[in-house]
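What follows is the content of upload_33.txt, which has compact mmCIF, C-alpha atoms:
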```txt
# COMPACT_ATOMS: atom_id res chain seq x y z
CA MET A 1 -8.68 -18.43 -22.20
CA SER A 2 -6.40 -15.39 -22.29
CA ARG A 3 -2.98 -15.19 -20.71
CA LEU A 4 -2.61 -13.87 -17.18
CA PRO A 5 -0.54 -10.66 -16.98
CA HIS A 6 1.57 -11.78 -13.99
CA ALA A 7 2.22 -14.86 -11.90
CA LEU A 8 0.56 -13.72 -8.69
CA THR A 9 -2.98 -14.63 -9.68
CA LEU A 10 -1.86 -18.14 -10.52
CA ALA A 11 -1.62 -19.00 -6.84
CA THR A 12 -5.39 -18.98 -6.64
CA LEU A 13 -5.31 -22.01 -8.94
CA TYR A 14 -3.44 -24.49 -6.80
CA ALA A 15 -2.04 -26.70 -9.51
CA LEU A 16 -0.20 -24.01 -11.44
CA PRO A 17 3.60 -23.66 -11.64
CA LEU A 18 4.50 -20.64 -9.57
CA HIS A 19 7.39 -19.29 -11.62
CA ALA A 20 6.43 -20.40 -15.10
CA GLN A 21 7.24 -17.94 -17.83
CA ASP A 22 4.19 -19.11 -19.72
CA SER A 23 1.31 -17.83 -17.57
CA THR A 24 -1.52 -19.30 -19.60
CA ILE A 25 -4.18 -21.02 -17.56
CA PRO A 26 -3.53 -24.80 -17.78
CA ALA A 27 -5.75 -27.08 -19.78
CA THR A 28 -6.84 -28.87 -16.61
CA VAL A 29 -8.44 -25.68 -15.31
CA GLU A 30 -10.19 -25.04 -18.61
CA GLN A 31 -11.40 -28.65 -18.57
CA VAL A 32 -12.58 -28.84 -14.94
CA ALA A 33 -13.35 -25.26 -13.85
CA PRO A 34 -13.23 -22.86 -16.79
CA GLN A 35 -15.31 -20.29 -14.92
CA LEU A 36 -12.71 -20.23 -12.13
CA GLY A 37 -10.10 -19.45 -14.75
CA ARG A 38 -12.26 -16.64 -16.11
CA TYR A 39 -12.77 -15.17 -12.63
CA THR A 40 -9.03 -15.39 -12.00
CA GLN A 41 -8.30 -13.43 -15.14
CA ASP A 42 -11.18 -10.98 -15.23
CA VAL A 43 -11.81 -10.30 -11.53
CA LEU A 44 -8.51 -10.86 -9.71
CA SER A 45 -5.99 -9.88 -12.36
CA ASP A 46 -7.78 -7.30 -14.47
CA ARG A 47 -9.73 -5.59 -11.66
CA LEU A 48 -8.55 -6.29 -8.12
CA TRP A 49 -4.78 -6.20 -8.52
CA ALA A 50 -4.96 -3.56 -11.24
CA ASP A 51 -6.85 -1.13 -8.98
CA GLN A 52 -4.11 1.11 -7.58
CA ASP A 53 -6.48 3.94 -6.63
CA ARG A 54 -7.97 2.18 -3.62
CA LEU A 55 -4.89 0.28 -2.50
CA SER A 56 -1.34 0.15 -3.80
CA PRO A 57 0.18 -3.09 -5.17
CA ARG A 58 2.60 -2.98 -2.22
CA ASP A 59 -0.27 -2.92 0.30
CA ARG A 60 -2.20 -5.61 -1.59
CA SER A 61 0.92 -7.76 -1.48
CA LEU A 62 1.44 -7.19 2.25
CA LEU A 63 -2.18 -8.11 2.95
CA THR A 64 -2.10 -11.23 0.80
CA VAL A 65 1.26 -12.53 2.04
CA SER A 66 0.09 -11.93 5.62
CA ALA A 67 -3.19 -13.78 5.05
CA LEU A 68 -1.43 -16.78 3.50
CA VAL A 69 1.21 -16.93 6.24
CA ALA A 70 -1.36 -16.52 9.02
CA THR A 71 -3.52 -19.35 7.67
CA GLY A 72 -0.59 -21.71 7.02
CA ARG A 73 -0.88 -21.78 3.21
CA THR A 74 2.84 -21.50 2.60
CA HIS A 75 2.66 -23.49 -0.66
CA GLN A 76 0.95 -20.48 -2.29
CA LEU A 77 3.44 -17.85 -1.12
CA ASP A 78 6.06 -17.73 -3.90
CA PRO A 79 4.31 -15.53 -6.51
CA PHE A 80 2.99 -13.15 -3.87
CA VAL A 81 6.41 -12.76 -2.24
CA SER A 82 7.80 -12.03 -5.71
CA THR A 83 5.09 -9.46 -6.35
CA ALA A 84 5.75 -7.90 -2.94
CA LEU A 85 9.45 -7.50 -3.81
CA ASP A 86 8.55 -6.07 -7.22
CA SER A 87 6.20 -3.62 -5.47
CA GLY A 88 8.89 -2.24 -3.16
CA VAL A 89 8.71 -4.49 -0.11
CA THR A 90 12.26 -5.16 1.06
CA PRO A 91 13.69 -8.50 2.25
CA GLU A 92 14.06 -6.92 5.70
CA GLU A 93 10.37 -6.02 5.75
CA LEU A 94 9.43 -9.58 4.78
CA SER A 95 11.61 -10.81 7.66
CA GLU A 96 9.82 -8.51 10.10
CA LEU A 97 6.43 -9.48 8.65
CA VAL A 98 6.88 -13.20 9.32
CA THR A 99 8.38 -12.49 12.76
CA HIS A 100 5.41 -10.26 13.60
CA LEU A 101 2.93 -12.92 12.47
CA ALA A 102 4.53 -15.52 14.74
CA PHE A 103 2.93 -13.57 17.60
CA TYR A 104 -0.45 -13.05 15.92
CA ALA A 105 -0.92 -16.42 14.22
CA GLY A 106 1.57 -18.68 16.04
CA TRP A 107 5.08 -19.99 15.56
CA SER A 108 3.69 -23.10 13.86
CA VAL A 109 2.57 -21.12 10.80
CA ALA A 110 5.35 -18.54 10.76
CA LEU A 111 8.31 -20.92 10.73
CA PRO A 112 7.28 -22.91 7.60
CA ALA A 113 6.76 -19.64 5.71
CA ILE A 114 10.44 -18.77 6.18
CA ASP A 115 11.53 -21.59 3.83
CA ARG A 116 9.30 -20.29 1.02
CA ILE A 117 10.39 -16.67 1.49
CA ALA A 118 14.04 -17.77 1.61
CA ALA A 119 13.61 -19.68 -1.67
CA VAL A 120 12.28 -16.60 -3.46
CA LEU A 121 15.07 -14.42 -2.03
CA ASP A 122 17.68 -16.99 -3.08
CA ASP A 123 16.30 -17.06 -6.63
CA ARG A 124 16.86 -13.30 -6.78
CA GLY A 125 20.23 -13.33 -5.04
CA LEU A 126 18.82 -11.38 -2.08
CA THR A 127 19.27 -11.70 1.66
CA ALA A 128 17.51 -10.05 4.58
CA ASP A 129 19.92 -7.77 6.43
CA VAL A 130 18.16 -7.65 9.80
CA THR A 131 19.48 -5.73 12.81
CA LEU A 132 18.81 -7.77 15.92
CA ASP A 133 19.14 -4.92 18.41
CA PRO A 134 18.10 -1.72 16.64
CA GLU A 135 17.23 1.56 18.28
CA LEU A 136 13.56 1.11 19.05
CA LEU A 137 10.90 3.54 17.88
CA PRO A 138 9.31 5.84 20.45
CA TYR A 139 5.70 5.33 21.45
CA ASP A 140 2.76 7.51 22.44
CA GLU A 141 2.88 7.56 26.25
CA ASP A 142 -0.83 8.31 26.67
CA ALA A 143 -1.86 5.52 24.29
CA GLU A 144 0.57 3.10 25.93
CA ALA A 145 -0.77 3.96 29.38
CA ALA A 146 -4.31 3.20 28.20
CA ARG A 147 -3.19 -0.09 26.67
CA LEU A 148 -1.35 -1.11 29.86
CA ALA A 149 -4.45 -0.34 31.91
CA SER A 150 -6.56 -2.48 29.57
CA VAL A 151 -4.16 -5.43 29.83
CA ASP A 152 -4.07 -5.08 33.62
CA ALA A 153 -7.86 -5.14 33.77
CA THR A 154 -8.54 -7.95 31.29
CA ALA A 155 -5.51 -10.24 30.92
CA ARG A 156 -3.52 -10.01 34.13
CA PRO A 157 -6.17 -11.42 36.51
CA VAL A 158 -6.59 -14.45 34.25
CA SER A 159 -3.08 -15.03 32.85
CA PRO A 160 -0.35 -12.88 34.40
CA GLY A 161 2.29 -14.57 32.26
CA LEU A 162 0.46 -13.59 29.08
CA ALA A 163 0.01 -10.05 30.41
CA ASP A 164 3.75 -9.78 31.17
CA ALA A 165 4.72 -11.00 27.70
CA THR A 166 2.18 -8.68 26.06
CA ASP A 167 3.70 -5.68 27.82
CA ALA A 168 7.40 -6.58 27.81
CA VAL A 169 7.77 -8.37 24.45
CA LEU A 170 4.86 -7.65 22.13
CA PHE A 171 4.41 -3.91 22.63
CA ALA A 172 7.64 -2.85 24.33
CA ASP A 173 9.83 -4.56 21.74
CA LEU A 174 8.19 -6.14 18.65
CA TRP A 175 5.89 -3.22 17.79
CA ARG A 176 8.75 -0.76 18.22
CA ARG A 177 11.20 -2.47 15.86
CA PRO A 178 11.96 -0.08 12.97
CA GLY A 179 12.29 -2.80 10.30
CA LEU A 180 8.59 -2.54 9.50
CA ALA A 181 6.79 0.80 9.72
CA PRO A 182 4.05 0.99 12.41
CA ARG A 183 1.42 1.47 9.70
CA ASP A 184 2.55 -1.70 7.95
CA ARG A 185 2.70 -3.69 11.19
CA SER A 186 -0.90 -2.70 11.77
CA LEU A 187 -1.81 -3.66 8.20
CA VAL A 188 -0.17 -7.08 8.67
CA THR A 189 -1.99 -7.60 11.98
CA VAL A 190 -5.41 -6.64 10.58
CA ALA A 191 -4.88 -9.03 7.65
CA ALA A 192 -4.06 -11.91 10.01
CA LEU A 193 -7.07 -11.23 12.23
CA ILE A 194 -9.51 -11.14 9.32
CA ALA A 195 -7.97 -14.19 7.61
CA ASN A 196 -8.25 -16.22 10.82
CA GLY A 197 -11.78 -15.07 11.64
CA GLN A 198 -10.78 -13.12 14.76
CA ALA A 199 -12.96 -10.08 14.12
CA GLU A 200 -13.38 -9.39 17.84
CA GLN A 201 -9.75 -8.18 17.91
CA LEU A 202 -10.20 -5.80 14.98
CA PRO A 203 -11.38 -2.53 16.60
CA PHE A 204 -8.16 -1.96 18.56
CA HIS A 205 -5.83 -2.87 15.70
CA LEU A 206 -7.77 -1.11 12.94
CA SER A 207 -7.87 2.08 15.02
CA ARG A 208 -4.14 1.71 15.66
CA ALA A 209 -3.56 1.25 11.91
CA MET A 210 -5.42 4.46 11.12
CA ASP A 211 -3.58 6.29 13.90
CA ASN A 212 -0.38 5.04 12.24
CA GLY A 213 -1.31 6.50 8.84
CA LEU A 214 -3.65 4.05 7.12
CA THR A 215 -6.28 6.16 5.37
CA PHE A 216 -10.02 5.53 5.49
CA GLU A 217 -10.09 4.74 1.75
CA GLU A 218 -7.24 2.24 2.17
CA ALA A 219 -8.82 0.64 5.23
CA ARG A 220 -12.18 0.05 3.57
CA GLU A 221 -10.51 -1.83 0.69
CA ILE A 222 -8.89 -4.39 3.02
CA PRO A 223 -11.93 -6.75 3.28
CA HIS A 224 -12.30 -6.65 -0.52
CA GLN A 225 -8.70 -7.75 -1.07
CA LEU A 226 -8.82 -10.47 1.58
CA ALA A 227 -12.15 -11.90 0.44
CA TYR A 228 -10.36 -13.66 -2.44
CA TYR A 229 -7.65 -15.13 -0.22
CA ALA A 230 -9.48 -15.84 3.05
CA GLY A 231 -13.05 -16.23 1.78
CA TRP A 232 -16.13 -14.04 1.66
CA PRO A 233 -17.53 -15.07 5.10
CA ARG A 234 -14.43 -13.89 6.96
CA SER A 235 -14.37 -10.57 5.14
CA PHE A 236 -18.06 -10.03 5.84
CA SER A 237 -17.52 -10.93 9.51
CA ALA A 238 -15.02 -8.07 9.67
CA LEU A 239 -17.47 -5.44 8.40
CA THR A 240 -19.41 -4.85 11.62
CA PRO A 241 -16.39 -4.10 13.87
CA MET A 242 -14.80 -2.10 11.05
CA ARG A 243 -17.96 -0.04 10.67
CA GLN A 244 -17.90 0.72 14.39
CA VAL A 245 -14.33 2.02 14.07
CA PHE A 246 -15.24 4.15 11.06
CA GLU A 247 -18.26 5.56 12.87
CA ASP A 248 -16.27 6.31 16.03
CA ARG A 249 -13.64 8.16 13.99
CA GLY A 250 -16.24 10.13 12.03
CA ASP A 251 -15.36 8.57 8.65
CA ILE A 252 -18.96 7.45 8.11
CA PRO A 253 -22.08 8.74 9.85
CA ALA A 254 -23.41 6.70 12.72
CA GLY A 255 -26.89 5.31 12.10
CA ASP A 256 -27.14 6.45 8.48
CA ASP A 257 -30.38 6.24 6.51
CA ALA A 258 -29.82 2.58 5.64
CA ALA A 259 -29.62 1.70 9.31
CA GLU A 260 -32.57 3.75 10.55
CA THR A 261 -35.24 1.91 12.49
CA PRO A 262 -37.99 0.90 10.09
CA THR A 263 -41.54 2.07 10.76
CA THR A 264 -43.35 -0.93 9.32
CA ILE A 265 -43.55 -4.55 10.48
CA SER A 266 -41.63 -7.05 8.35
CA VAL A 267 -41.77 -10.84 8.10
CA VAL A 268 -38.73 -13.09 7.56
CA PRO A 269 -40.12 -15.90 5.37
CA ALA A 270 -39.72 -19.46 6.62
CA ASP A 271 -38.12 -20.42 3.29
CA SER A 272 -35.44 -17.71 3.50
CA GLU A 273 -31.97 -18.65 2.34
CA THR A 274 -29.97 -21.03 4.52
CA SER A 275 -26.23 -21.63 4.47
CA GLN A 276 -24.02 -24.55 5.39
CA GLY A 277 -22.10 -24.08 8.63
CA PRO A 278 -18.40 -23.63 7.77
CA ALA A 279 -16.03 -26.50 8.61
CA GLU A 280 -13.88 -24.35 10.89
CA ARG A 281 -16.90 -23.66 13.12
CA PHE A 282 -18.92 -26.88 12.90
CA THR A 283 -18.32 -30.62 12.81
CA GLY A 284 -20.76 -32.53 10.62
CA SER A 285 -23.62 -31.18 8.55
CA VAL A 286 -25.22 -28.02 9.95
CA ALA A 287 -27.67 -25.68 8.19
CA VAL A 288 -27.96 -22.08 9.39
CA GLY A 289 -31.09 -20.10 8.51
CA PRO A 290 -33.40 -18.46 8.26
CA ALA A 291 -31.49 -15.80 10.18
CA PHE A 292 -32.55 -12.41 11.46
CA GLU A 293 -31.21 -9.20 12.96
CA ALA A 294 -33.27 -6.78 15.01
CA PRO A 295 -33.80 -3.47 13.17
CA GLY A 296 -32.27 -0.11 13.97
CA ASP A 297 -29.90 0.23 16.90
CA ALA A 298 -30.87 -3.08 18.52
CA ARG A 299 -28.07 -5.59 19.00
CA LEU A 300 -30.19 -8.73 18.86
CA SER A 301 -29.70 -11.40 16.21
CA GLY A 302 -30.57 -15.03 15.80
CA ALA A 303 -31.08 -17.97 13.48
CA LEU A 304 -32.62 -21.38 13.19
CA VAL A 305 -29.75 -23.87 13.28
CA THR A 306 -30.39 -27.45 12.14
CA PHE A 307 -27.92 -30.22 13.03
CA GLU A 308 -27.72 -33.65 11.41
CA PRO A 309 -27.10 -36.54 13.87
CA GLY A 310 -23.73 -36.11 15.58
CA ALA A 311 -23.14 -32.61 14.21
CA ARG A 312 -21.99 -29.91 16.62
CA THR A 313 -20.48 -26.47 16.95
CA ALA A 314 -16.86 -25.72 17.74
CA TRP A 315 -15.98 -24.37 21.18
CA HIS A 316 -17.06 -20.74 21.34
CA SER A 317 -18.28 -17.99 23.65
CA HIS A 318 -20.53 -14.93 23.50
CA PRO A 319 -19.70 -11.59 25.15
CA LEU A 320 -23.32 -11.16 26.30
CA GLY A 321 -24.35 -14.80 26.44
CA GLN A 322 -26.82 -16.75 24.32
CA THR A 323 -30.28 -18.32 24.55
CA LEU A 324 -31.19 -21.53 22.71
CA TYR A 325 -34.79 -22.65 22.14
CA VAL A 326 -34.80 -26.31 21.11
CA THR A 327 -37.47 -27.05 18.49
CA GLN A 328 -36.79 -30.68 17.67
CA GLY A 329 -34.50 -33.59 18.54
CA CYS A 330 -32.03 -33.90 21.39
CA ALA A 331 -29.60 -31.04 22.06
CA LEU A 332 -26.28 -31.64 23.80
CA VAL A 333 -24.78 -28.60 25.53
CA GLN A 334 -21.51 -28.46 27.45
CA SER A 335 -19.45 -25.74 29.06
CA GLU A 336 -15.77 -26.48 29.51
CA GLY A 337 -15.04 -28.61 32.55
CA GLN A 338 -18.70 -29.44 33.16
CA ASP A 339 -20.92 -32.43 32.37
CA ILE A 340 -22.91 -32.52 29.15
CA LEU A 341 -26.49 -31.27 29.56
CA THR A 342 -29.38 -32.38 27.38
CA ALA A 343 -32.42 -30.48 26.19
CA GLY A 344 -35.45 -31.55 24.17
CA PRO A 345 -38.18 -29.79 22.17
CA GLY A 346 -39.55 -26.79 24.03
CA ASP A 347 -36.59 -26.59 26.42
CA ILE A 348 -34.69 -23.34 26.75
CA VAL A 349 -30.93 -23.27 27.31
CA GLN A 350 -29.39 -20.10 28.76
CA ILE A 351 -25.64 -19.68 28.29
CA PRO A 352 -23.92 -16.99 30.42
CA PRO A 353 -21.51 -14.39 28.97
CA GLU A 354 -17.96 -15.46 28.09
CA VAL A 355 -18.53 -19.15 28.91
CA ARG A 356 -16.56 -21.45 26.62
CA HIS A 357 -19.04 -24.06 25.39
CA TRP A 358 -20.40 -26.09 22.48
CA HIS A 359 -23.78 -27.48 21.48
CA GLY A 360 -24.99 -29.99 18.94
CA ALA A 361 -27.06 -33.07 18.18
CA ALA A 362 -26.92 -36.51 19.75
CA SER A 363 -25.38 -39.20 17.57
CA ASP A 364 -28.67 -41.01 16.93
CA GLN A 365 -30.95 -38.14 15.91
CA GLY A 366 -30.90 -34.69 14.40
CA MET A 367 -31.65 -31.52 16.34
CA ALA A 368 -32.74 -27.95 15.66
CA HIS A 369 -32.74 -24.89 17.84
CA VAL A 370 -33.29 -21.18 17.53
CA ALA A 371 -30.16 -19.38 18.73
CA ILE A 372 -30.56 -15.81 20.01
CA LEU A 373 -27.77 -13.49 21.14
CA GLU A 374 -26.72 -9.86 21.46
CA SER A 375 -23.51 -8.35 20.13
CA LEU A 376 -21.08 -6.19 22.07
CA ASN A 377 -18.96 -3.70 20.10
CA GLY A 378 -20.00 -5.49 16.93
CA VAL A 379 -19.00 -8.96 18.18
CA GLY A 380 -21.60 -11.64 18.95
CA THR A 381 -19.51 -14.81 18.94
CA THR A 382 -15.86 -15.68 19.52
CA TRP A 383 -15.07 -18.95 17.73
CA MET A 384 -12.39 -21.31 19.02
CA ASP A 385 -11.15 -24.87 18.30
CA LEU A 386 -13.29 -27.78 17.13
CA VAL A 387 -14.68 -30.30 19.60
CA SER A 388 -12.97 -33.67 19.09
CA ASP A 389 -14.88 -36.95 19.05
CA ASP A 390 -13.10 -38.18 22.17
CA GLN A 391 -14.47 -35.20 24.13
CA ILE A 392 -18.01 -36.57 23.81
CA PRO A 393 -18.89 -39.62 25.94
CA PRO A 394 -20.28 -42.57 23.94
CA GLY A 395 -24.07 -42.72 24.04
CA ALA A 396 -24.57 -39.11 25.15
CA GLY A 397 -28.16 -38.18 24.42
CA CYS A 398 -31.64 -37.64 25.76
```

Take the structure from the file and write it as structure tokens.
Amino acid sequence: MSRLPHALTLATLYALPLHAQDSTIPATVEQVAPQLGRYTQDVLSDRLWADQDRLSPRDRSLLTVSALVATGRTHQLDPFVSTALDSGVTPEELSELVTHLAFYAGWSVALPAIDRIAAVLDDRGLTADVTLDPELLPYDEDAEAARLASVDATARPVSPGLADATDAVLFADLWRRPGLAPRDRSLVTVAALIANGQAEQLPFHLSRAMDNGLTFEEAREIPHQLAYYAGWPRSFSALTPMRQVFEDRGDIPAGDDAAETPTTISVVPADSETSQGPAERFTGSVAVGPAFEAPGDARLSGALVTFEPGARTAWHSHPLGQTLYVTQGCALVQSEGQDILTAGPGDIVQIPPEVRHWHGAASDQGMAHVAILESLNGVGTTWMDLVSDDQIPPGAGC
């Protein structure tokens, strides 16, 4: 296996020394997963990070550091912080980046990242010279008025404290700090949202990023970069809301030829590909597929979802609700604060819009249902935390 040209790609191989001068791929990788080593060299190092036409090394570093911080993978940060510094990111910008992500990913992931960033700065004899009370950047009064109106309409009736903090701290102060350019704050935010699977928040922040100077060509490379550090599913989940932004801004045509309504009937075969439900969205073994999307401009989609005994979804909601058609077994369905409902083969479960809920199989038998929903602004499901075992009464079932 050939030598890697720089240390940053080594972080994708968890066991590697982060600052080793000898950047050969270790024998353990060649022994256990030689193809992973080849992908690391050929795809990440020789193609992705070497491609400066679509996205600069500085932007790739900001995206990757942000994704790792936002998802709590601080043990992988060192080489990417080093690459960020080598690419022109200043210690002050790294300080603002981790402070910004405390708001968008939580204090619990931002604070541990500080130790790793500090270690890299110490190795280089650098410190972050941060001004605590700088002169704040001006803001677009029309855009701010529209944002305030949106917060008043959506957040304030439900959580006035959150609305107050959003207005007085997040946008009146944090976003206006000059230590990180508005474009880069937007880039950091978009990276965190994609990495954490929060695609429903993307349209506002991607539009803001492009208003702040992120180009269309740069924006469309973001999911490609993050796919290697947050996973393919999360990058693909970002494509629909991103497409809507690009269409609304005129960067790509709305309803292009590939999306035109077909004129012939098609059949989705029963043996179409299925996928395993990801661990951050399901507890237990869950198979998803075959899946379908209505053609053309329709917003309807659905899938057959098969649960092994005791398997279940995480808490989640749908902007336009969801319908479940149970085909076999015993389905458990619960909205937050309500009793668990049960449904058997042939039963139909109708879930209203924006209701936090979960559904799954009883502990003593598997279950399958067809799930049907519509998307709103490119978002069909908002995923939340997993359902713990102690939230399900013993013996719940049909």

- Item | Computed interatomic separation between atom CA of A:Gly277 and atom CA of A:Leu101 (Å) |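 Interatomic distance here is 27.7 Å.
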
- Query: Counting only C-alpha atoms, what is within 12 Å of A:Val326, bar same-chain residues fewer than 3 positions away, as a VMD selection string?
  - Reply: chain A and resid 303 to 307 323 329 to 333 342 to 350 359 to 361 366 to 372

Suppose we keep C-alpha atoms; can you now write the selection as a short mmCIF file (atom, residue, chain, number, x, y, z; two decimals), keeping the file's coordinate frame?
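Produced file part_35.cif, reproduced below:
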```
data_model
loop_
_atom_site.label_atom_id
_atom_site.label_comp_id
_atom_site.auth_asym_id
_atom_site.auth_seq_id
_atom_site.Cartn_x
_atom_site.Cartn_y
_atom_site.Cartn_z
CA ALA A 303 -31.08 -17.97 13.48
CA LEU A 304 -32.62 -21.38 13.19
CA VAL A 305 -29.75 -23.87 13.28
CA THR A 306 -30.39 -27.45 12.14
CA PHE A 307 -27.92 -30.22 13.03
CA THR A 323 -30.28 -18.32 24.55
CA GLY A 329 -34.50 -33.59 18.54
CA CYS A 330 -32.03 -33.90 21.39
CA ALA A 331 -29.60 -31.04 22.06
CA LEU A 332 -26.28 -31.64 23.80
CA VAL A 333 -24.78 -28.60 25.53
CA THR A 342 -29.38 -32.38 27.38
CA ALA A 343 -32.42 -30.48 26.19
CA GLY A 344 -35.45 -31.55 24.17
CA PRO A 345 -38.18 -29.79 22.17
CA GLY A 346 -39.55 -26.79 24.03
CA ASP A 347 -36.59 -26.59 26.42
CA ILE A 348 -34.69 -23.34 26.75
CA VAL A 349 -30.93 -23.27 27.31
CA GLN A 350 -29.39 -20.10 28.76
CA HIS A 359 -23.78 -27.48 21.48
CA GLY A 360 -24.99 -29.99 18.94
CA ALA A 361 -27.06 -33.07 18.18
CA GLY A 366 -30.90 -34.69 14.40
CA MET A 367 -31.65 -31.52 16.34
CA ALA A 368 -32.74 -27.95 15.66
CA HIS A 369 -32.74 -24.89 17.84
CA VAL A 370 -33.29 -21.18 17.53
CA ALA A 371 -30.16 -19.38 18.73
CA ILE A 372 -30.56 -15.81 20.01
#
```

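Proximity to A:Glu218 was assessed for A:Ala27, A:Leu55, A:Met384, A:Ala311 counting only C-alpha atoms; the smallest distance is recorded for A:Leu55.
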
- Note on the structure: A straight line from atom CA of A:Ser82 to atom CA of A:Val120 spans 6.8 Å

- Task: Could you give me, as a list in words, the residues within 10 Å of A:Asp271, counting only C-alpha atoms and dropping anything in the same chain fewer than 2 positions from it?
- Result: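 Selected residues are Val268, Pro269, Glu273, Thr274, Gly289 and Pro290 of chain A.
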
Surrounding residues of stretch 209-212 of chain A excluding itself and chain neighbours under 6 positions, 12 Å, only C-alpha atoms, as a PDB file with C-alpha atoms, in the coordinates of the input:
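What landed in selection23.pdb:
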```pdb
ATOM      1  CA  TYR A 139       5.700   5.330  21.450  1.00  0.00           C
ATOM      2  CA  ASP A 140       2.760   7.510  22.440  1.00  0.00           C
ATOM      3  CA  ALA A 143      -1.860   5.520  24.290  1.00  0.00           C
ATOM      4  CA  TRP A 175       5.890  -3.220  17.790  1.00  0.00           C
ATOM      5  CA  ALA A 181       6.790   0.800   9.720  1.00  0.00           C
ATOM      6  CA  PRO A 182       4.050   0.990  12.410  1.00  0.00           C
ATOM      7  CA  ARG A 183       1.420   1.470   9.700  1.00  0.00           C
ATOM      8  CA  ASP A 184       2.550  -1.700   7.950  1.00  0.00           C
ATOM      9  CA  ARG A 185       2.700  -3.690  11.190  1.00  0.00           C
ATOM     10  CA  SER A 186      -0.900  -2.700  11.770  1.00  0.00           C
ATOM     11  CA  LEU A 187      -1.810  -3.660   8.200  1.00  0.00           C
ATOM     12  CA  VAL A 188      -0.170  -7.080   8.670  1.00  0.00           C
ATOM     13  CA  THR A 189      -1.990  -7.600  11.980  1.00  0.00           C
ATOM     14  CA  VAL A 190      -5.410  -6.640  10.580  1.00  0.00           C
ATOM     15  CA  ALA A 191      -4.880  -9.030   7.650  1.00  0.00           C
ATOM     16  CA  LEU A 202     -10.200  -5.800  14.980  1.00  0.00           C
ATOM     17  CA  PRO A 203     -11.380  -2.530  16.600  1.00  0.00           C
ATOM     18  CA  GLU A 218      -7.240   2.240   2.170  1.00  0.00           C
ATOM     19  CA  ALA A 219      -8.820   0.640   5.230  1.00  0.00           C
ATOM     20  CA  ARG A 220     -12.180   0.050   3.570  1.00  0.00           C
ATOM     21  CA  ILE A 222      -8.890  -4.390   3.020  1.00  0.00           C
ATOM     22  CA  MET A 242     -14.800  -2.100  11.050  1.00  0.00           C
ATOM     23  CA  VAL A 245     -14.330   2.020  14.070  1.00  0.00           C
ATOM     24  CA  PHE A 246     -15.240   4.150  11.060  1.00  0.00           C
ATOM     25  CA  ARG A 249     -13.640   8.160  13.990  1.00  0.00           C
ATOM     26  CA  ASP A 251     -15.360   8.570   8.650  1.00  0.00           C
TER      27      ASP A 251
END
```

- Query: Any idea what the distance is between atom CA of A:Pro295 and atom CA of A:Pro319?
  - Reply: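 The value is 20.2 Å.
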
- For stretch 159-169 of chain A, please output as a VMD selection string all residues within 10 Å (counting only C-alpha atoms; exclusion window: fewer than 6 positions along the same chain). chain A and resid 103 144 147 to 148 151 to 153 175 to 176

Just to be explicit: take each residue in the selection above, keep C-alpha atoms, and write the result as an mmCIF file, in the frame of the given file.
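File written: again.cif
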```cif
data_model
loop_
_atom_site.group_PDB
_atom_site.id
_atom_site.type_symbol
_atom_site.label_atom_id
_atom_site.label_comp_id
_atom_site.auth_asym_id
_atom_site.auth_seq_id
_atom_site.Cartn_x
_atom_site.Cartn_y
_atom_site.Cartn_z
ATOM 1 C CA PHE A 103 2.930 -13.570 17.600
ATOM 2 C CA GLU A 144 0.570 3.100 25.930
ATOM 3 C CA ARG A 147 -3.190 -0.090 26.670
ATOM 4 C CA LEU A 148 -1.350 -1.110 29.860
ATOM 5 C CA VAL A 151 -4.160 -5.430 29.830
ATOM 6 C CA ASP A 152 -4.070 -5.080 33.620
ATOM 7 C CA ALA A 153 -7.860 -5.140 33.770
ATOM 8 C CA TRP A 175 5.890 -3.220 17.790
ATOM 9 C CA ARG A 176 8.750 -0.760 18.220
#
```
